[in-house]
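K.L.:
Dropping the structure in here first, questions after.
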Amino acid sequence: MILKVIVEFLGVLRRELGVDRVEVYLEGSKTYRLRDLLLYLLSNYPKISSAVSSDGSLNTSYLIFVNDADFMIVGGYDYEVRDGDRITFIPISHGGSEVVGVEGVWRKLCEDLSKIELEVFEISSNDALTLIRDIDKLQVNGCITQVLPSVLVLSDKQLLLASFLTFKAFEEGRNVSRKPYIEFLLRLFSNRQINDIITILKNVSSSSYLLVRVCKDVGNMGKPPIINGSEVSPSQLLQRFNTERIDDLIKAYGLEGNVGLDIDRMHSLILTKISLFQII
């Protein structure tokens with residue numbers, strides 16, 4: 001039996017290799033891990049060395065998706081390659097017009113930034129549970145209200161990017177969920193399975209939560225729910241983030257292979273993953 005694997009290249013890597021995809025055929029009697037496949041590609045396509053190191057590990061400037069999922073989520077380098085798999089290499093800094101990367105998406109967001117209003121309140125875990133139970137009742141047309149563990153919110157850009165893409169998805173009929181506040185979670189955590197996200201949220205231990213309210217038009221916000229909380233300046237979220245809890249963020253975004261990166265680099269990776277949700 002022969003295993004057929006499709007390998008796709010996006011952005012600058014596509015131009016460097018001169019192809020947008022290749023078909024790889026592997027002997028089916030053997031077990032091939034993702035690392036084995038990466039080493040095979042490195043041997044047969046030397047120019048891929050900008051993405052793959054000599055030990056078969058991925059350069060931190062790239063992401064790999066296996067059948068539309070981050071490779072770290074499906075097993076990392078030990079993932080067992082299967083017949084029909086689709087492996088996609090995605091440069092974090094995309095070149096050309098093939099892919100809208102963080103920079104492109106963020107430019108689009110900035111164009112409409114004056115129309116988006118974001119409010120963030122720090123609340124207790126007890127208030128968070130109360131609001132989560134009534135989350136459906138808190139929604140207002142044209143706005144999104146959500147409650148998130150503070151340890152999973154790194155910056156205002158993270159929230160604005162996810163909300164911007166949520167609003168755009170509904171405008172263009174590309175939404176995955178029928179409810180904007182659920183679509184927001186899917187895009188915030190770059191995951192199409194709401195049950196996976198619920199599991200992530202349940203497994204996170206956080207002493208404080210954030211009530212996030214965002215509207216696509218200034219003036220639609222209205223009054224926040226009655227809570228015992230304090231308003232947080234969205235622009236200060238990155239400075240307030242507890243770096244000792246970075247592991248929670250890494251796990252939530254399936255970035256285990258990037259442990260040790262500084263907070264700015266992690267921020268860039270997260271924004272990239274959010275923007276890629278609409279591309280893959």
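By order in the structure tokens, chains are A, B, ...; within a chain, residues start at 1; ligands start at 1, following the order shown.
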Find the spatial neighbours of Leu152 of chain A, counting only C-alpha atoms, within a cut-off of 6 Å - ignore same-chain residues fewer than 2 positions away - and output them as a list in words.

P.N.:
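The contact residues come out as Pro149, Ser150 and Leu249 of chain A.
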
K.L.:
Produce a file of the selected residues containing all heavy atoms, as an mmCIF file, in the first residue's frame.

P.N.:
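To be explicit, this is the file written out as again_13.cif:
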```cif
data_model
loop_
_atom_site.group_PDB
_atom_site.id
_atom_site.type_symbol
_atom_site.label_atom_id
_atom_site.label_comp_id
_atom_site.auth_asym_id
_atom_site.auth_seq_id
_atom_site.Cartn_x
_atom_site.Cartn_y
_atom_site.Cartn_z
ATOM 1 N N PRO A 149 -11.598 33.978 30.816
ATOM 2 C CA PRO A 149 -10.578 33.989 31.877
ATOM 3 C C PRO A 149 -9.504 35.013 31.519
ATOM 4 O O PRO A 149 -9.047 35.064 30.376
ATOM 5 C CB PRO A 149 -10.018 32.562 31.841
ATOM 6 C CG PRO A 149 -11.049 31.743 31.133
ATOM 7 C CD PRO A 149 -11.687 32.664 30.146
ATOM 8 N N SER A 150 -9.100 35.823 32.461
ATOM 9 C CA SER A 150 -8.123 36.871 32.166
ATOM 10 C C SER A 150 -6.792 36.297 31.692
ATOM 11 O O SER A 150 -6.063 36.949 30.940
ATOM 12 C CB SER A 150 -7.904 37.754 33.398
ATOM 13 O OG SER A 150 -7.456 36.982 34.497
ATOM 14 N N LEU A 249 -1.998 30.120 28.014
ATOM 15 C CA LEU A 249 -2.220 30.709 26.698
ATOM 16 C C LEU A 249 -1.640 29.814 25.603
ATOM 17 O O LEU A 249 -2.265 29.587 24.563
ATOM 18 C CB LEU A 249 -1.570 32.093 26.650
ATOM 19 C CG LEU A 249 -2.083 33.097 25.623
ATOM 20 C CD1 LEU A 249 -3.552 33.405 25.857
ATOM 21 C CD2 LEU A 249 -1.264 34.367 25.683
#
```

K.L.:
Write out as a PyMOL selection string the residues lying within 12 Å of Thr199 of chain A, counting only C-alpha atoms and excluding same-chain residues fewer than 4 positions away.

P.N.:
chain A and resi 189+191+193-195+203-204+251-252

K.L.:
Got time to write the residues from that selection, N, CA and C atoms, as a PDB file, in the first residue's frame?

P.N.:
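Below is the file again-v2.pdb, written as the result:
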```
ATOM      1  N   PHE A 189     -10.131  31.657  19.388  1.00  0.00           N
ATOM      2  CA  PHE A 189      -9.254  30.524  19.681  1.00  0.00           C
ATOM      3  C   PHE A 189      -8.916  29.698  18.443  1.00  0.00           C
ATOM      4  N   ASN A 191     -10.517  27.793  16.355  1.00  0.00           N
ATOM      5  CA  ASN A 191     -10.968  26.406  16.459  1.00  0.00           C
ATOM      6  C   ASN A 191     -12.430  26.329  16.036  1.00  0.00           C
ATOM      7  N   GLN A 193     -14.438  23.859  16.538  1.00  0.00           N
ATOM      8  CA  GLN A 193     -15.216  22.990  17.421  1.00  0.00           C
ATOM      9  C   GLN A 193     -15.484  23.693  18.745  1.00  0.00           C
ATOM     10  N   ILE A 194     -16.721  24.126  18.957  1.00  0.00           N
ATOM     11  CA  ILE A 194     -17.048  24.854  20.177  1.00  0.00           C
ATOM     12  C   ILE A 194     -16.851  23.982  21.411  1.00  0.00           C
ATOM     13  N   ASN A 195     -17.053  22.668  21.285  1.00  0.00           N
ATOM     14  CA  ASN A 195     -16.846  21.780  22.434  1.00  0.00           C
ATOM     15  C   ASN A 195     -15.391  21.780  22.884  1.00  0.00           C
ATOM     16  N   ASN A 203     -11.083  24.032  31.797  1.00  0.00           N
ATOM     17  CA  ASN A 203      -9.855  23.509  32.398  1.00  0.00           C
ATOM     18  C   ASN A 203      -8.894  24.596  32.866  1.00  0.00           C
ATOM     19  N   VAL A 204      -9.222  25.845  32.583  1.00  0.00           N
ATOM     20  CA  VAL A 204      -8.350  26.945  32.999  1.00  0.00           C
ATOM     21  C   VAL A 204      -8.746  27.424  34.390  1.00  0.00           C
ATOM     22  N   LYS A 251      -1.194  26.581  25.689  1.00  0.00           N
ATOM     23  CA  LYS A 251      -2.017  25.382  25.549  1.00  0.00           C
ATOM     24  C   LYS A 251      -3.322  25.691  24.832  1.00  0.00           C
ATOM     25  N   ALA A 252      -3.941  26.813  25.165  1.00  0.00           N
ATOM     26  CA  ALA A 252      -5.223  27.176  24.554  1.00  0.00           C
ATOM     27  C   ALA A 252      -5.102  27.358  23.050  1.00  0.00           C
TER      28      ALA A 252
END
```

K.L.:
List as a PyMOL selection string the protein and nucleic acid residues near Lys179 of chain A, meaning an atom at most 10 Å away when only C-alpha atoms are counted, but skip any in the same chain fewer than 6 places from it.

P.N.:
chain A and resi 136+139+144+166+170

K.L.:
Would you list, as a VMD selection string, the residues of segment 73-254 of chain A that end up in strand (DSSP E or B) under DSSP run on this structure's backbone?

P.N.:
chain A and resid 80 86 to 91 117 to 124 143 to 149 208 to 215 230 to 232

K.L.:
What is the atom CA of Asn242 of chain A-atom CA of Leu154 of chain A distance in Å, reported with one decimal?

P.N.:
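Taking atom CA of Asn242 of chain A and atom CA of Leu154 of chain A, their separation equals 8.8 Å.
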
K.L.:
List the spatial neighbours of Asn175 of chain A as a ChimeraX atom specification - criterion: any atom at most 12 Å away, only C-alpha atoms, same-chain residues fewer than 2 positions off excluded.

P.N.:
/A:165-173,177-187,192,277-278

K.L.:
Atom CA of Ile197 of chain A and atom CA of Gln239 of chain A, how far apart in Å?

P.N.:
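Here the two named atoms are 25.2 Å from each other.
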
K.L.:
Near Glu122 of chain A, within 10 Å and counting only C-alpha atoms, which residues show up once chain neighbours fewer than 3 positions away are dropped, as a PyMOL selection string?

P.N.:
chain A and resi 125+127-128+147-150+208-212+227-232

K.L.:
Could the residues in this selection be saved with all heavy atoms as a short mmCIF file (atom, residue, chain, number, x, y, z; two decimals), in the first residue's frame?

P.N.:
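Contents of the output file out.cif:
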```cif
data_model
loop_
_atom_site.label_atom_id
_atom_site.label_comp_id
_atom_site.auth_asym_id
_atom_site.auth_seq_id
_atom_site.Cartn_x
_atom_site.Cartn_y
_atom_site.Cartn_z
N SER A 125 -14.80 35.50 39.75
CA SER A 125 -15.22 34.22 39.18
C SER A 125 -16.71 33.97 39.44
O SER A 125 -17.40 33.38 38.61
CB SER A 125 -14.38 33.08 39.76
OG SER A 125 -14.45 33.07 41.18
N ASP A 127 -19.14 36.31 39.67
CA ASP A 127 -19.88 37.12 38.71
C ASP A 127 -19.78 36.52 37.31
O ASP A 127 -20.73 36.56 36.52
CB ASP A 127 -19.36 38.56 38.70
CG ASP A 127 -19.90 39.38 39.86
OD1 ASP A 127 -20.94 38.99 40.42
OD2 ASP A 127 -19.28 40.40 40.20
N ALA A 128 -18.60 35.97 37.00
CA ALA A 128 -18.39 35.37 35.69
C ALA A 128 -19.37 34.21 35.46
O ALA A 128 -19.99 34.10 34.40
CB ALA A 128 -16.95 34.89 35.55
N VAL A 147 -17.54 36.40 28.21
CA VAL A 147 -16.81 36.33 29.47
C VAL A 147 -15.64 35.39 29.28
O VAL A 147 -15.81 34.25 28.82
CB VAL A 147 -17.71 35.83 30.62
CG1 VAL A 147 -16.91 35.72 31.91
CG2 VAL A 147 -18.90 36.76 30.80
N LEU A 148 -14.43 35.85 29.61
CA LEU A 148 -13.22 35.08 29.36
C LEU A 148 -12.31 35.08 30.57
O LEU A 148 -12.23 36.09 31.29
CB LEU A 148 -12.45 35.67 28.17
CG LEU A 148 -13.17 35.72 26.83
CD1 LEU A 148 -12.44 36.67 25.89
CD2 LEU A 148 -13.28 34.33 26.23
N PRO A 149 -11.60 33.98 30.82
CA PRO A 149 -10.58 33.99 31.88
C PRO A 149 -9.50 35.01 31.52
O PRO A 149 -9.05 35.06 30.38
CB PRO A 149 -10.02 32.56 31.84
CG PRO A 149 -11.05 31.74 31.13
CD PRO A 149 -11.69 32.66 30.15
N SER A 150 -9.10 35.82 32.46
CA SER A 150 -8.12 36.87 32.17
C SER A 150 -6.79 36.30 31.69
O SER A 150 -6.06 36.95 30.94
CB SER A 150 -7.90 37.75 33.40
OG SER A 150 -7.46 36.98 34.50
N SER A 208 -9.57 35.67 38.21
CA SER A 208 -10.31 36.82 37.68
C SER A 208 -10.72 36.55 36.24
O SER A 208 -10.08 35.78 35.52
CB SER A 208 -9.47 38.10 37.75
OG SER A 208 -8.38 38.03 36.85
N TYR A 209 -11.80 37.20 35.86
CA TYR A 209 -12.34 37.04 34.51
C TYR A 209 -12.54 38.42 33.89
O TYR A 209 -12.56 39.44 34.60
CB TYR A 209 -13.66 36.28 34.54
CG TYR A 209 -13.49 34.80 34.78
CD1 TYR A 209 -13.16 34.31 36.03
CD2 TYR A 209 -13.64 33.89 33.73
CE1 TYR A 209 -12.99 32.95 36.25
CE2 TYR A 209 -13.47 32.53 33.94
CZ TYR A 209 -13.15 32.06 35.20
OH TYR A 209 -12.97 30.73 35.41
N LEU A 210 -12.71 38.43 32.59
CA LEU A 210 -12.95 39.67 31.88
C LEU A 210 -14.30 39.60 31.17
O LEU A 210 -14.59 38.64 30.46
CB LEU A 210 -11.86 39.93 30.84
CG LEU A 210 -10.43 40.12 31.39
CD1 LEU A 210 -9.46 40.31 30.23
CD2 LEU A 210 -10.35 41.29 32.35
N LEU A 211 -15.11 40.61 31.42
CA LEU A 211 -16.34 40.79 30.66
C LEU A 211 -15.98 41.65 29.46
O LEU A 211 -15.53 42.79 29.62
CB LEU A 211 -17.41 41.48 31.51
CG LEU A 211 -18.67 41.93 30.77
CD1 LEU A 211 -19.44 40.73 30.22
CD2 LEU A 211 -19.56 42.78 31.67
N VAL A 212 -16.13 41.09 28.28
CA VAL A 212 -15.74 41.77 27.05
C VAL A 212 -16.99 42.16 26.27
O VAL A 212 -17.86 41.31 26.02
CB VAL A 212 -14.85 40.87 26.18
CG1 VAL A 212 -14.53 41.53 24.84
CG2 VAL A 212 -13.57 40.50 26.92
N ILE A 227 -22.62 44.72 37.53
CA ILE A 227 -21.60 43.81 38.04
C ILE A 227 -20.76 44.52 39.10
O ILE A 227 -20.72 45.75 39.17
CB ILE A 227 -20.66 43.33 36.92
CG1 ILE A 227 -20.08 44.54 36.16
CG2 ILE A 227 -21.36 42.38 35.96
CD1 ILE A 227 -19.02 44.19 35.16
N ASN A 228 -20.09 43.72 39.91
CA ASN A 228 -19.12 44.25 40.86
C ASN A 228 -17.74 44.09 40.25
O ASN A 228 -17.00 43.17 40.57
CB ASN A 228 -19.21 43.50 42.20
CG ASN A 228 -20.52 43.73 42.90
OD1 ASN A 228 -21.02 44.86 42.93
ND2 ASN A 228 -21.10 42.67 43.45
N GLY A 229 -17.43 44.97 39.33
CA GLY A 229 -16.15 44.87 38.64
C GLY A 229 -15.59 46.24 38.34
O GLY A 229 -16.23 47.26 38.59
N SER A 230 -14.39 46.25 37.80
CA SER A 230 -13.73 47.51 37.47
C SER A 230 -13.40 47.53 35.99
O SER A 230 -12.98 46.52 35.41
CB SER A 230 -12.46 47.68 38.30
OG SER A 230 -11.58 46.59 38.11
N GLU A 231 -13.58 48.69 35.37
CA GLU A 231 -13.29 48.81 33.95
C GLU A 231 -11.78 48.80 33.72
O GLU A 231 -11.02 49.39 34.49
CB GLU A 231 -13.91 50.08 33.38
CG GLU A 231 -13.81 50.17 31.87
CD GLU A 231 -14.69 51.26 31.27
OE1 GLU A 231 -15.34 51.99 32.06
OE2 GLU A 231 -14.73 51.37 30.04
N VAL A 232 -11.38 48.12 32.67
CA VAL A 232 -9.97 48.01 32.31
C VAL A 232 -9.76 48.68 30.96
O VAL A 232 -10.53 48.46 30.03
CB VAL A 232 -9.53 46.53 32.22
CG1 VAL A 232 -8.07 46.42 31.78
CG2 VAL A 232 -9.73 45.83 33.56
#
```

K.L.:
May I ask for the distance between atom CA of Leu41 of chain A and atom CA of Phe71 of chain A, given in Å to one decimal place?

P.N.:
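Interatomic distance here is 16.3 Å.
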
K.L.:
Can you list, as an MDAnalysis selection string, all residues belonging to segment 35-82 of chain A that DSSP tags as helix (DSSP H, G or I)?

P.N.:
chainID A and resid 35:44 46:50 76:78

K.L.:
Output N, CA and C atoms for every residue in that selection, as an mmCIF file, in the first residue's frame.

P.N.:
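Just written: selection-v2.cif:
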```
data_model
loop_
_atom_site.group_PDB
_atom_site.id
_atom_site.type_symbol
_atom_site.label_atom_id
_atom_site.label_comp_id
_atom_site.auth_asym_id
_atom_site.auth_seq_id
_atom_site.Cartn_x
_atom_site.Cartn_y
_atom_site.Cartn_z
ATOM 1 N N ARG A 35 7.539 14.288 11.714
ATOM 2 C CA ARG A 35 8.961 14.646 11.637
ATOM 3 C C ARG A 35 9.644 13.898 10.486
ATOM 4 N N ASP A 36 9.271 12.631 10.278
ATOM 5 C CA ASP A 36 9.833 11.865 9.162
ATOM 6 C C ASP A 36 9.484 12.525 7.830
ATOM 7 N N LEU A 37 8.243 12.987 7.727
ATOM 8 C CA LEU A 37 7.813 13.642 6.494
ATOM 9 C C LEU A 37 8.582 14.941 6.273
ATOM 10 N N LEU A 38 8.796 15.697 7.344
ATOM 11 C CA LEU A 38 9.531 16.957 7.224
ATOM 12 C C LEU A 38 10.972 16.703 6.781
ATOM 13 N N LEU A 39 11.589 15.656 7.320
ATOM 14 C CA LEU A 39 12.955 15.314 6.917
ATOM 15 C C LEU A 39 12.991 14.858 5.459
ATOM 16 N N TYR A 40 11.964 14.133 5.041
ATOM 17 C CA TYR A 40 11.867 13.705 3.642
ATOM 18 C C TYR A 40 11.775 14.931 2.727
ATOM 19 N N LEU A 41 10.942 15.886 3.110
ATOM 20 C CA LEU A 41 10.789 17.099 2.304
ATOM 21 C C LEU A 41 12.091 17.888 2.254
ATOM 22 N N LEU A 42 12.774 17.960 3.387
ATOM 23 C CA LEU A 42 14.039 18.689 3.443
ATOM 24 C C LEU A 42 15.072 18.049 2.519
ATOM 25 N N SER A 43 15.059 16.723 2.459
ATOM 26 C CA SER A 43 16.005 16.000 1.617
ATOM 27 C C SER A 43 15.712 16.188 0.133
ATOM 28 N N ASN A 44 14.432 16.248 -0.210
ATOM 29 C CA ASN A 44 14.044 16.322 -1.620
ATOM 30 C C ASN A 44 13.802 17.742 -2.119
ATOM 31 N N PRO A 46 15.530 21.044 -0.954
ATOM 32 C CA PRO A 46 16.487 21.743 -0.075
ATOM 33 C C PRO A 46 16.080 23.173 0.284
ATOM 34 N N LYS A 47 15.350 23.842 -0.602
ATOM 35 C CA LYS A 47 14.967 25.226 -0.325
ATOM 36 C C LYS A 47 13.978 25.338 0.835
ATOM 37 N N ILE A 48 13.429 24.201 1.247
ATOM 38 C CA ILE A 48 12.496 24.226 2.370
ATOM 39 C C ILE A 48 13.241 24.397 3.694
ATOM 40 N N SER A 49 14.570 24.479 3.619
ATOM 41 C CA SER A 49 15.383 24.648 4.831
ATOM 42 C C SER A 49 15.064 25.948 5.561
ATOM 43 N N SER A 50 14.422 26.902 4.870
ATOM 44 C CA SER A 50 14.018 28.133 5.553
ATOM 45 C C SER A 50 12.882 27.873 6.531
ATOM 46 N N GLY A 76 1.566 16.855 17.239
ATOM 47 C CA GLY A 76 2.900 17.421 17.071
ATOM 48 C C GLY A 76 3.743 16.629 16.087
ATOM 49 N N TYR A 77 5.030 16.587 16.348
ATOM 50 C CA TYR A 77 5.952 15.902 15.440
ATOM 51 C C TYR A 77 5.739 14.389 15.428
ATOM 52 N N ASP A 78 5.057 13.862 16.440
ATOM 53 C CA ASP A 78 4.798 12.421 16.505
ATOM 54 C C ASP A 78 3.501 12.023 15.807
#
```

K.L.:
Would you please work out which residue, of A:Pro234, A:Gly84, A:Gly28, A:Gly219, is nearest to Lys115 of chain A when using only C-alpha atoms?

P.N.:
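The closest residue to Lys115 of chain A is A:Gly219.
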